[in-house]
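This report concerns only the one structure given below.
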Amino acid sequence: MIMSTAATEPLGRMAAMLRIRRFEEQCIRLAQAGQFRGHYHIYIGQEATAVAACAALVAEDFVFTTWRNHGHMLARGAAPERMLAEILGKAGGYAGGKSGTLHLAVRDLGILSTSALVGGTLPLATGAALACKQRGSGITVCFFGDAALEEGALYEAMILASLWQVPILFVCENNTMPPGQRARGQSPSSRLPANRLADIPEALRVTSEEVDGADADALNECLARLAAQVRSSGGPRYVEVHSGRWPGNFLSWPDLPGGEWQIAWAFGQQSDHADLAAWLEQSDPLNRYLRKLVAAGTLDRAQAEAMDERARAEMAGAVRFALDSPYPPPDEAYQHVYAQGGQAR
Amino acid sequence: MIMSTAATEPLGRMAAMLRIRRFEEQCIRLAQAGQFRGHYHIYIGQEATAVAACAALVAEDFVFTTWRNHGHMLARGAAPERMLAEILGKAGGYAGGKSGTLHLAVRDLGILSTSALVGGTLPLATGAALACKQRGSGITVCFFGDAALEEGALYEAMILASLWQVPILFVCENNTMPPGQRARGQSPSSRLPANRLADIPEALRVTSEEVDGADADALNECLARLAAQVRSSGGPRYVEVHSGRWPGNFLSWPDLPGGEWQIAWAFGQQSDHADLAAWLEQSDPLNRYLRKLVAAGTLDRAQAEAMDERARAEMAGAVRFALDSPYPPPDEAYQHVYAQGGQAR
Amino acid sequence: MKITFAEGLAKALYESLAADPRVLLIGSNFMGLNTAAKQLMNPLVSEFSNRIMAAPVSELGLAGAGIGAAMAGRRPVVDINTGSFIFQAFAQVVNEAANVHYMSGGQTSAPVTFYCLAGIRGGGGAQHSHRTQAMLGQVPGLQILTPGSADDAYYLMKWALLESRNPTVFLSHSLLFGETAELVPGAQMLPVGQARIRREGRDVSIIASSITVMRAMAAADELEHKHGISAEVVDLRTIAPLDENTVLQSVARTGRAVIADECHRRFGVAAEIAAILAEEGLALLKAPVRRVTVPDVPIPYSPTLEAELIVTKERIVTGVLRVMGR
Amino acid sequence: MKITFAEGLAKALYESLAADPRVLLIGSNFMGLNTAAKQLMNPLVSEFSNRIMAAPVSELGLAGAGIGAAMAGRRPVVDINTGSFIFQAFAQVVNEAANVHYMSGGQTSAPVTFYCLAGIRGGGGAQHSHRTQAMLGQVPGLQILTPGSADDAYYLMKWALLESRNPTVFLSHSLLFGETAELVPGAQMLPVGQARIRREGRDVSIIASSITVMRAMAAADELEHKHGISAEVVDLRTIAPLDENTVLQSVARTGRAVIADECHRRFGVAAEIAAILAEEGLALLKAPVRRVTVPDVPIPYSPTLEAELIVTKERIVTGVLRVMGR
Ligand SMILES: Cc1ncc(C[n+]2csc(CCOP(=O)(O)OP(=O)(O)O)c2C)c(N)n1
Ligand SMILES: Cc1ncc(C[n+]2csc(CCOP(=O)(O)OP(=O)(O)O)c2C)c(N)n1
Ligand SMILES: [Mg+2]
Ligand SMILES: [Mg+2]
């Protein structure tokens with residue numbers, strides 16, 4: 001089921017963002033409880049991007065993402081219980097435990113395969129967009145982080161997308177430092193020497209723009225418009241989304257500084273974690289959007305709490321499903337090396 | 001011996017360009033006579049670039065080039081007889097026959113090793129420039145063709161050069177189509193979707209400019225100035241040289257359409273090969289420079305012919321040396337896999 | 001109908017494009033620098049221009065685009081050009097294509113073909129002469145095709161484009177372009193993954209693939225006529241899957257094995273074949289196995305140096321004489 | 001002095017930077033995700049900051065810059081980070097670094113080291129668990145170091161940075177970080193290219209490298225105590241150069257060989273060792289060679305699936321029992 005339709009309305013968007021937030025918090029809890037191993041990546045603070053982008057898509061479209069994929073998966077309609085089971089390496093996961101968090105994918109949702117190599121996803125997505133062009137319908141959305149601009153793969157993919165004019169929307173999620181918070185002369189991404197990242201696609205004739213990742217309405221307008229342009233022109237577009245990095249992401253291993261997000265924070269109460277308080281105020285798309293909806297009278301506190309209750313309950317159920325799901329039997333390791341049919345003997 | 005000093009004067013530059021032209025013509029003759037095998041690349045029509053760039057260098061500087069390296073080698077001071085012997089795979093060549101034309105290199109001239117992989121040379125050159133920075137002296141010049149902008153390697157190298165601020169001069173020799181001769185909307189290189197190639201390094205904060213590859217004086221000024229800037233600032237610079245592709249290069253295998261270049265062509269006589277005649281008029285740096293020097297009274301026809309006689313005689317001697325040089329003995333194949341000393345047993 | 005290896009390739013490409021609208025060419029320089037063979041591509045290029053994508057010099061991007069298009073339902077073949085350029089694309093070929101099916105738990109497959117004009121071609125030098133079949137053999141999930149004859153060039157390419165459901169590296173060899181074979185209309189191809197006994201023999205098995213097949217055949221001729229030795233020639237055809245059984249059965253008959261292979265000696269295809277024999281066929285061996293391979297030396301440009309290193313008919317003969325104790 | 005593997009690495013890096021001003025670090029994340037081990041890098045990073053280059057996520061560019069700097073007289077070590085990322089840099093490592101000395105006819109050398117934190121580390125999944133030693137073994141011109149102990153981690157890294165004159169791939173393994181060894185002050189390292197007999201035995205040779213060395217040692221213990229089998233453990237230490245002689249001499253003593261190796265089975269390190277035995281040591285073998293390796297399957301994420309594939313002490317024991325006919 002692709003959930004994008006509901007997410008075109010303000011309350012649907014709020015609910016979709018909240019689900020991602022609650023999912024990620026559970027994920028951190030499970031990791032910290034030793035329920036799974038290996039590194040993992042959390043989408044807290046970027047929820048509005050996935051929700052806005054996926055709201056602009058239809059069933060036949062393709063979505064490519066990275067190691068930081070949980071938000072994109074949920075926004076596109078993946079079932080949280082099967083995602084968590086996969087993250088735990090369980091048989092009930094989407095890949096039966098073979099992918100783990102890094103390569104979560106759901107073919108039925110057009111999320112064909114997920115690369116965890118920086119830049120690796122861009123050529124793949126460009127190829128899927130070429131397939132869209134060849135079949136004459138659909139578009140591809142490609143999410144990636146700002147470090148992808150440090151990999152040659154990004155440039156080659158952009159050259160091909162521009163040369164072939166394939167219908168792809170490149171979504172660079174820059175979670176380094178939003179322009180306002182950067183020191184003068186500081187790089188606009190982790191390490192890239194550039195004054196403005198969007199100059200790069202422009203130099204390769206890919207029309208580009210920038211948008212604030214903490215402003216859900218702006219994102220919604222921008223991504224809907226760009227997706228429509230890609231759909232009608234058949235050519236590529238590029239957008240850079242600026243997000244203020246969530247304090248829990250500053251560490252190698254995600255943490256929950258200040259604890260789980262609280263509805264009360266959007267109603268005047270302050271988090272007692274100073275970094276988090278500043279981040280909630282300036283950079284958290286969820287906190288900001290809830291406050292905005294409340295101010296506009298679209299939602300009141302009771303409704304917000306009910307919405308949150310549903311999200312929490314859903315994610316608690318997902319955790320139970322994942323914990324209850326068995327590990328795959330050892331023999332499963334030998335399955336799916338090669339696709340069967342038309343195959344070598 | 002590094003010959004760059006003489007080439008800072010107009011007559012020295014003319015002579016240096018002429019030597020390259022006569023060398024390349026001999027090279028084509030040897031290939032067509034079956035004296036060597038494999039593909040090879042000719043620098044006719046680009047001579048002024050190598051001569052101008054190498055004139056700006058000193059002994060400790062490094063030079064990186066590609067498969068199209070003959071002109072750079074000669075301009076830097078390589079001996080034509082040892083180059084031709086190498087091109088023929090002979091023992092008298094710079095690498096004793098191991099490199100052939102594709103990987104010609106002369107360590108003593110700062111040409112450490114030559115990659116024939118599109119884009120491959122840029123990271124290597126950036127590393128040599130890093131070595132210059134670490135030792136506190138010297139700069140690196142890196143020559144490459146316009147197709148290098150289609151390889152991710154170029155972007156990664158430029159990112160590093162810009163981030164680390166190493167003393168490198170990137171020289172993009174664009175021999176596709178000069179701006180004036182391009183159809184409207186046509187790409188400024190073989191296949192790259194861009195309006196202006198120099199926008200690309202600019203986006204990565206590498207200061208860039210463009211220059212006409214058929215104008216020896218303009219090149220000389222430009223490359224001397226940029227090399228000086230690299231030397232004083234310690235950071236990278238980028239220049240795109242526009243050359244009209246020599247008609248002999250339109251084929252997979254170089255040819256001499258219209259025959260060897262003739263001094264008479266610069267003195268009013270017309271080549272009866274139409275494409276060539278147009279190219280000589282607009283795009284040949286040699287033909288144009290000779291006419292300019294004659295018009296300015298710096299050189300008369302007799303002097304030009306004497307200069308040409310010397311170049312022809314030198315290259316005829318080089319051919320004899322190369323043909324007379326023996327092939328390396330088979331056992332030589334096992335030498336130089338690993339450098340000796342400090343080595344594994 | 002007699003066809004050359006190059007004709008077999010062009011015919012397979014043409015027929016595949018005609019048979020299945022999902023077939024897509026990314027690049028079109030399958031014939032490399034061979035100006036004559038290039039003409040064979042003309043009909044294709046004019047007839048199917050909307051399914052032939054212009055290719056910048058961006059091997060990594062092109063390979064990745066091929067994989068992505070394959071995942072999304074197309075059947076692309078990516079022209080890698082000289083086989084050595086697959087190194088530019090290695091991250092996509094080795095760490096994306098090969099893993100798609102497995103990582104997705106069988107949800108998605110990527111039937112993309114990477115076409116490489118590989119091998120020691122004469123004057124290619126150190127950077128243009130690679131044989132990557134053994135390296136790629138360390139990558140589960142890939143299929144590796146190494147045709148040694150014109151009919152296999154045709155059949156295997158058609159199979160890769162129309163039938164295979166997995167990523168495939170097709171290793172062509174420009175020194176095979178002129179080789180001919182009879183193509184029997186309507187005939188069935190030997191299944192992929194089955195080696196072919198090209199010539200039966202009693203005294204020794206010569207195991208070969210790609211360019212070494214014809215050299216092994218020539219060696220077998222000479223061994224018969226000059227030395228009275230009856231050599232069996234096994235053409236592996238594909239490196240992944242690798243047909244252990246046919247190799248073991250052949251050596252069971254002959255008791256001796258010489259492996260003629262164009263990889264470098266260390267960790268090459270010959271190493272794996274020898275290892276199979278040491279592990280599964282030790283009791284069959286009347287004499288030590290012998291590898292006739294390219295020494296562990298980069299490929300030099302000079303003709304005399306290159307000649308010292310390649311796997312020739314003569315060196316295969318010498319290898320056989322050695323295992324025969326002569 | 002007892003040191004851990006991670007300490008050995010940090011100590012070698014520190015001492016090399018201190019000893020030779022040409023030593024240069026390109027990147028500084030040698031300890032990967034190990035937060036505790038990362039602290040070991042602090043003294044280096046603060047003391048030699050002008051010789052530690054910030055590294056964007058540009059493996060190809062970084063590797064190439066390392067090669068270029070080495071050609072121009074520096075002694076760089078390039079941090080490739082997770083070993084699988086060497087595929088991003090393959091074109092530079094395989095087709096530039098390895099060829100520099102040969103292609104230039106011996107004029108130029110490139111003493112650069114590529115540091116890879118490679119291997120099956122637990123939860124790395126298909127894209128972060130590669131062992132590239134056998135693939136790289138097909139590339140003449142490269143040196144490939146695979147330390148299996150803390151002292152070798154120290155000695156081999158120091159040798160690569162201060163003495164080697166050739167491009168080197170240093171394959172580290174995060175599951176070895178806690179292993180300890182005694183470092184005797186002033187002691188000489190066993191020459192590079194010489195394998196080490198870690199334990200003498202009479203009945204069977206277990207040939208191992210990197211992570212499988214400690215598992216082979218544990219297996220040898222168990223074989224002795226539970227089964228009365230005396231196993232000799234040969235630690236290869238380096239894959240290129242490969243010490244054929246020590247392997248052959250060991251098998252000459254024991255008559256049996258089990259190769260414990262973390263590469264995939266096909267075309268892995270074990271294949272080359274088995275091939276050497278089939279070619280040069282056939283007469284020594286009392287039983288077929290046995291490879292205990294990772295099956296030809298991408299590495300899955302799930303712990304139960306990964307556990308099915310790795311080379312454990314138990315699987316080495318089983319392999320030995322099999323060649324002993326038990
Ligand atoms: C080719 C490659 N190199 C290095 C890594 C290790 N790595 C994983 S995530 C990451 C940082 C990515 O930053 P960015 O693209 O900005 O995404 P973010 O995690 O900030 O969302 C790195 C370097 C990798 N996965 N792939
Ligand atoms: C990585 C790689 N891909 C492809 C090639 C084949 N190739 C050799 S020269 C060339 C064209 C290069 O064009 P450009 O860089 O503009 O240089 P020019 O030859 O025009 O001077 C190509 C594609 C190669 N050598 N290396
Ligand atoms: Mg980021
Ligand atoms: Mg060009």
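Identifiers in this document derive from the order of the structure tokens: chains are assigned A, B, ..., residues are numbered from 1 separately in each chain, and ligands are numbered from 1 in order of occurrence.
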
Residues near range 292-303 of chain D, cut-off 6 Å, only C-alpha atoms, skip fewer than 6 positions along chain, as a ChimeraX atom specification = /A:89,97-100 /C:140 /D:123,125-126,259-265,309-311

Hey, can you spit out that residue selection with N, CA, C and O atoms as a JSON list (two decimals), in the first residue's frame?
```
[["chain", "number", "residue", "atom", "x", "y", "z"],
["A", 89, "GLY", "N", 17.34, -8.37, 11.61],
["A", 89, "GLY", "CA", 17.85, -9.57, 10.92],
["A", 89, "GLY", "C", 16.93, -10.76, 11.05],
["A", 89, "GLY", "O", 17.39, -11.90, 11.05],
["A", 97, "GLY", "N", 15.86, -10.87, 6.55],
["A", 97, "GLY", "CA", 17.05, -10.71, 7.38],
["A", 97, "GLY", "C", 18.33, -10.51, 6.59],
["A", 97, "GLY", "O", 19.39, -10.29, 7.17],
["A", 98, "LYS", "N", 18.25, -10.56, 5.29],
["A", 98, "LYS", "CA", 19.50, -10.46, 4.51],
["A", 98, "LYS", "C", 20.01, -9.03, 4.39],
["A", 98, "LYS", "O", 21.20, -8.82, 4.20],
["A", 99, "SER", "N", 19.12, -8.04, 4.46],
["A", 99, "SER", "CA", 19.60, -6.68, 4.20],
["A", 99, "SER", "C", 19.95, -5.90, 5.45],
["A", 99, "SER", "O", 20.87, -5.09, 5.44],
["A", 100, "GLY", "N", 19.22, -6.14, 6.54],
["A", 100, "GLY", "CA", 19.43, -5.30, 7.71],
["A", 100, "GLY", "C", 19.02, -3.87, 7.41],
["A", 100, "GLY", "O", 18.37, -3.59, 6.39],
["C", 140, "PRO", "N", 30.36, -13.59, -5.80],
["C", 140, "PRO", "CA", 29.14, -14.36, -5.99],
["C", 140, "PRO", "C", 28.00, -13.43, -6.41],
["C", 140, "PRO", "O", 27.91, -12.30, -5.94],
["D", 123, "GLY", "N", 27.67, -8.15, 11.05],
["D", 123, "GLY", "CA", 26.65, -7.16, 10.75],
["D", 123, "GLY", "C", 27.02, -6.19, 9.66],
["D", 123, "GLY", "O", 26.29, -5.23, 9.41],
["D", 125, "GLY", "N", 27.11, -6.89, 6.49],
["D", 125, "GLY", "CA", 26.25, -7.15, 5.34],
["D", 125, "GLY", "C", 27.03, -7.22, 4.03],
["D", 125, "GLY", "O", 28.27, -7.19, 4.01],
["D", 126, "ALA", "N", 26.26, -7.29, 2.93],
["D", 126, "ALA", "CA", 26.85, -7.60, 1.63],
["D", 126, "ALA", "C", 27.83, -6.53, 1.14],
["D", 126, "ALA", "O", 28.78, -6.84, 0.44],
["D", 259, "ILE", "N", 43.34, -25.57, 4.19],
["D", 259, "ILE", "CA", 43.57, -24.13, 4.04],
["D", 259, "ILE", "C", 42.37, -23.39, 4.61],
["D", 259, "ILE", "O", 41.24, -23.60, 4.17],
["D", 260, "ALA", "N", 42.63, -22.58, 5.62],
["D", 260, "ALA", "CA", 41.56, -21.82, 6.29],
["D", 260, "ALA", "C", 41.66, -20.39, 5.84],
["D", 260, "ALA", "O", 42.63, -19.69, 6.14],
["D", 261, "ASP", "N", 40.67, -19.95, 5.10],
["D", 261, "ASP", "CA", 40.79, -18.63, 4.48],
["D", 261, "ASP", "C", 39.44, -17.93, 4.42],
["D", 261, "ASP", "O", 38.42, -18.55, 4.15],
["D", 262, "GLU", "N", 39.44, -16.62, 4.64],
["D", 262, "GLU", "CA", 38.18, -15.89, 4.71],
["D", 262, "GLU", "C", 37.66, -15.39, 3.36],
["D", 262, "GLU", "O", 36.59, -14.79, 3.30],
["D", 263, "CYS", "N", 38.40, -15.62, 2.28],
["D", 263, "CYS", "CA", 37.86, -15.27, 0.95],
["D", 263, "CYS", "C", 36.72, -16.23, 0.61],
["D", 263, "CYS", "O", 36.57, -17.28, 1.22],
["D", 264, "HIS", "N", 35.96, -15.85, -0.41],
["D", 264, "HIS", "CA", 35.06, -16.83, -0.99],
["D", 264, "HIS", "C", 35.89, -17.99, -1.53],
["D", 264, "HIS", "O", 37.06, -17.83, -1.86],
["D", 265, "ARG", "N", 35.22, -19.15, -1.65],
["D", 265, "ARG", "CA", 35.93, -20.34, -2.07],
["D", 265, "ARG", "C", 36.52, -20.22, -3.49],
["D", 265, "ARG", "O", 37.71, -20.38, -3.69],
["D", 309, "LEU", "N", 28.18, -18.86, 7.45],
["D", 309, "LEU", "CA", 29.14, -18.74, 6.35],
["D", 309, "LEU", "C", 30.59, -18.57, 6.78],
["D", 309, "LEU", "O", 31.51, -18.81, 5.99],
["D", 310, "ILE", "N", 30.82, -18.12, 8.00],
["D", 310, "ILE", "CA", 32.19, -17.73, 8.34],
["D", 310, "ILE", "C", 33.07, -18.93, 8.67],
["D", 310, "ILE", "O", 32.60, -20.03, 8.94],
["D", 311, "VAL", "N", 34.36, -18.69, 8.61],
["D", 311, "VAL", "CA", 35.36, -19.74, 8.88],
["D", 311, "VAL", "C", 35.60, -19.77, 10.39],
["D", 311, "VAL", "O", 36.30, -18.92, 10.93]]
```

task = Find the residues near ligand 4. Use a cut-off of 8 Å, count only C-alpha atoms and all ligand atoms, and write them as a list in words.
result =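 Selection of residues at most 8 Å from ligand 4: Gly145, Asp146, Ala147, Glu173, Asn174, Asn175, Thr176, Ser189 and Ser190 of chain B.
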
Selection within 9 Å of ligand 1 by only C-alpha atoms and all ligand atoms, output as a ChimeraX atom specification = /A:41-43,66-68,115-120,144-151,172-176,189-190,245,249 /C:91 /D:56-59,80-82,84-88,127-128

request  = List every residue of range 118-296 of chain D that DSSP, applied to the backbone, labels as helix (DSSP H, G or I), and write the result as a ChimeraX atom specification.
outcome  = /D:133-136,150-162,174-176,211-227,244-254,269-280,282-284

ask   = Counting only C-alpha atoms, which residues of chain B come no farther than 6 Å from chain A, as a ChimeraX atom specification?
value = /B:152-153,155-156,163,193-194,199-200,203-205

Same residues, C-alpha atoms, output as a short mmCIF file (atom, residue, chain, number, x, y, z; two decimals), in the first residue's frame:
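Heads up, here's the output in out27.cif:
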```cif
data_model
loop_
_atom_site.label_atom_id
_atom_site.label_comp_id
_atom_site.auth_asym_id
_atom_site.auth_seq_id
_atom_site.Cartn_x
_atom_site.Cartn_y
_atom_site.Cartn_z
CA GLY B 152 34.32 11.04 -11.79
CA ALA B 153 38.09 10.96 -11.19
CA TYR B 155 35.83 15.81 -9.90
CA GLU B 156 37.40 13.99 -6.98
CA LEU B 163 40.27 21.50 -0.31
CA PRO B 193 26.05 18.52 -21.01
CA ALA B 194 27.28 21.95 -20.01
CA ASP B 199 31.81 26.58 -14.76
CA ILE B 200 32.59 23.16 -13.35
CA ALA B 203 31.66 25.47 -8.74
CA LEU B 204 34.40 23.66 -6.80
CA ARG B 205 36.17 26.96 -6.03
#
```

Check range 121-191 of chain C with DSSP on the backbone and list each residue it calls strand (DSSP E or B), as a tab-separated table (two decimals) with all heavy atoms, in the first residue's frame.
```
chain	number	residue	atom	x	y	z
C	143	GLN	N	27.57	-13.60	-13.19
C	143	GLN	CA	27.84	-14.63	-14.17
C	143	GLN	C	28.98	-14.13	-15.06
C	143	GLN	O	28.99	-12.96	-15.43
C	143	GLN	CB	26.60	-14.90	-15.02
C	143	GLN	CG	25.42	-15.37	-14.18
C	143	GLN	CD	24.08	-15.34	-14.88
C	143	GLN	OE1	23.17	-16.05	-14.50
C	143	GLN	NE2	23.94	-14.51	-15.91
C	144	ILE	N	29.89	-15.00	-15.41
C	144	ILE	CA	31.06	-14.58	-16.19
C	144	ILE	C	31.18	-15.46	-17.42
C	144	ILE	O	31.42	-16.67	-17.31
C	144	ILE	CB	32.35	-14.67	-15.34
C	144	ILE	CG1	32.16	-13.91	-14.03
C	144	ILE	CG2	33.54	-14.12	-16.11
C	144	ILE	CD1	33.21	-14.23	-12.98
C	145	LEU	N	31.00	-14.85	-18.59
C	145	LEU	CA	30.99	-15.60	-19.84
C	145	LEU	C	32.30	-15.36	-20.59
C	145	LEU	O	32.72	-14.21	-20.76
C	145	LEU	CB	29.81	-15.17	-20.71
C	145	LEU	CG	28.44	-15.09	-20.00
C	145	LEU	CD1	27.35	-14.72	-20.99
C	145	LEU	CD2	28.11	-16.41	-19.30
C	168	THR	N	25.69	-10.09	-15.65
C	168	THR	CA	26.61	-10.91	-16.43
C	168	THR	C	27.76	-10.07	-16.94
C	168	THR	O	27.54	-8.98	-17.48
C	168	THR	CB	25.86	-11.49	-17.64
C	168	THR	OG1	24.75	-12.25	-17.16
C	168	THR	CG2	26.75	-12.37	-18.49
C	169	VAL	N	28.96	-10.58	-16.80
C	169	VAL	CA	30.10	-9.94	-17.47
C	169	VAL	C	30.44	-10.79	-18.68
C	169	VAL	O	30.72	-11.99	-18.55
C	169	VAL	CB	31.32	-9.82	-16.53
C	169	VAL	CG1	32.47	-9.13	-17.25
C	169	VAL	CG2	30.94	-9.05	-15.27
C	170	PHE	N	30.39	-10.19	-19.84
C	170	PHE	CA	30.68	-10.88	-21.09
C	170	PHE	C	32.09	-10.49	-21.50
C	170	PHE	O	32.34	-9.33	-21.84
C	170	PHE	CB	29.66	-10.46	-22.15
C	170	PHE	CG	29.74	-11.25	-23.43
C	170	PHE	CD1	28.79	-12.23	-23.71
C	170	PHE	CD2	30.74	-11.01	-24.37
C	170	PHE	CE1	28.84	-12.96	-24.89
C	170	PHE	CE2	30.80	-11.74	-25.55
C	170	PHE	CZ	29.85	-12.72	-25.81
C	171	LEU	N	33.01	-11.45	-21.48
C	171	LEU	CA	34.40	-11.14	-21.80
C	171	LEU	C	34.71	-11.58	-23.22
C	171	LEU	O	34.87	-12.76	-23.51
C	171	LEU	CB	35.33	-11.81	-20.80
C	171	LEU	CG	35.25	-11.20	-19.39
C	171	LEU	CD1	35.95	-12.08	-18.37
C	171	LEU	CD2	35.85	-9.80	-19.36
C	172	SER	N	34.76	-10.59	-24.08
C	172	SER	CA	35.08	-10.81	-25.48
C	172	SER	C	36.60	-10.65	-25.64
C	172	SER	O	37.28	-10.24	-24.70
C	172	SER	CB	34.30	-9.77	-26.28
C	172	SER	OG	34.53	-9.89	-27.65
C	173	HIS	N	37.12	-10.98	-26.80
C	173	HIS	CA	38.58	-10.90	-27.00
C	173	HIS	C	38.81	-10.51	-28.45
C	173	HIS	O	38.39	-11.22	-29.36
C	173	HIS	CB	39.21	-12.26	-26.69
C	173	HIS	CG	40.68	-12.18	-26.38
C	173	HIS	ND1	41.60	-11.68	-27.26
C	173	HIS	CD2	41.39	-12.55	-25.28
C	173	HIS	CE1	42.82	-11.74	-26.71
C	173	HIS	NE2	42.70	-12.26	-25.50
C	180	THR	N	36.06	-18.36	-37.00
C	180	THR	CA	34.76	-18.70	-37.60
C	180	THR	C	34.19	-19.99	-37.00
C	180	THR	O	34.93	-20.81	-36.45
C	180	THR	CB	34.87	-18.89	-39.11
C	180	THR	OG1	35.83	-19.94	-39.35
C	180	THR	CG2	35.30	-17.62	-39.81
C	181	ALA	N	32.89	-20.14	-37.11
C	181	ALA	CA	32.22	-21.38	-36.72
C	181	ALA	C	30.98	-21.55	-37.57
C	181	ALA	O	30.47	-20.60	-38.17
C	181	ALA	CB	31.85	-21.36	-35.23
C	182	GLU	N	30.52	-22.77	-37.63
C	182	GLU	CA	29.29	-23.08	-38.36
C	182	GLU	C	28.12	-22.84	-37.41
C	182	GLU	O	28.13	-23.30	-36.27
C	182	GLU	CB	29.34	-24.56	-38.77
C	182	GLU	CG	28.37	-24.95	-39.87
C	182	GLU	CD	28.64	-24.15	-41.16
C	182	GLU	OE1	29.82	-23.98	-41.54
C	182	GLU	OE2	27.65	-23.69	-41.75
```

inquiry  = Quick check: residues of chain D within 9 Å of chain B, only C-alpha atoms, returned as a count of residues only.
reply    = 58

key: CA of Pro80 in chain B to atom 23 (C, counted along the ligand's line) of ligand 2, straight-line distance in Å   = 26.5 Å

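Minimum atom-to-atom distance to chain D, evaluated using only C-alpha atoms, belongs to C:Ala257 out of C:Ala19, C:Ala257, C:Leu321, C:Val233.
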
query = Within 7 Å of Arg19 in chain A, counting only C-alpha atoms, which residues qualify if same-chain residues fewer than 4 places away don't, as a PyMOL selection string?
reply = chain A and resi 15+23+311
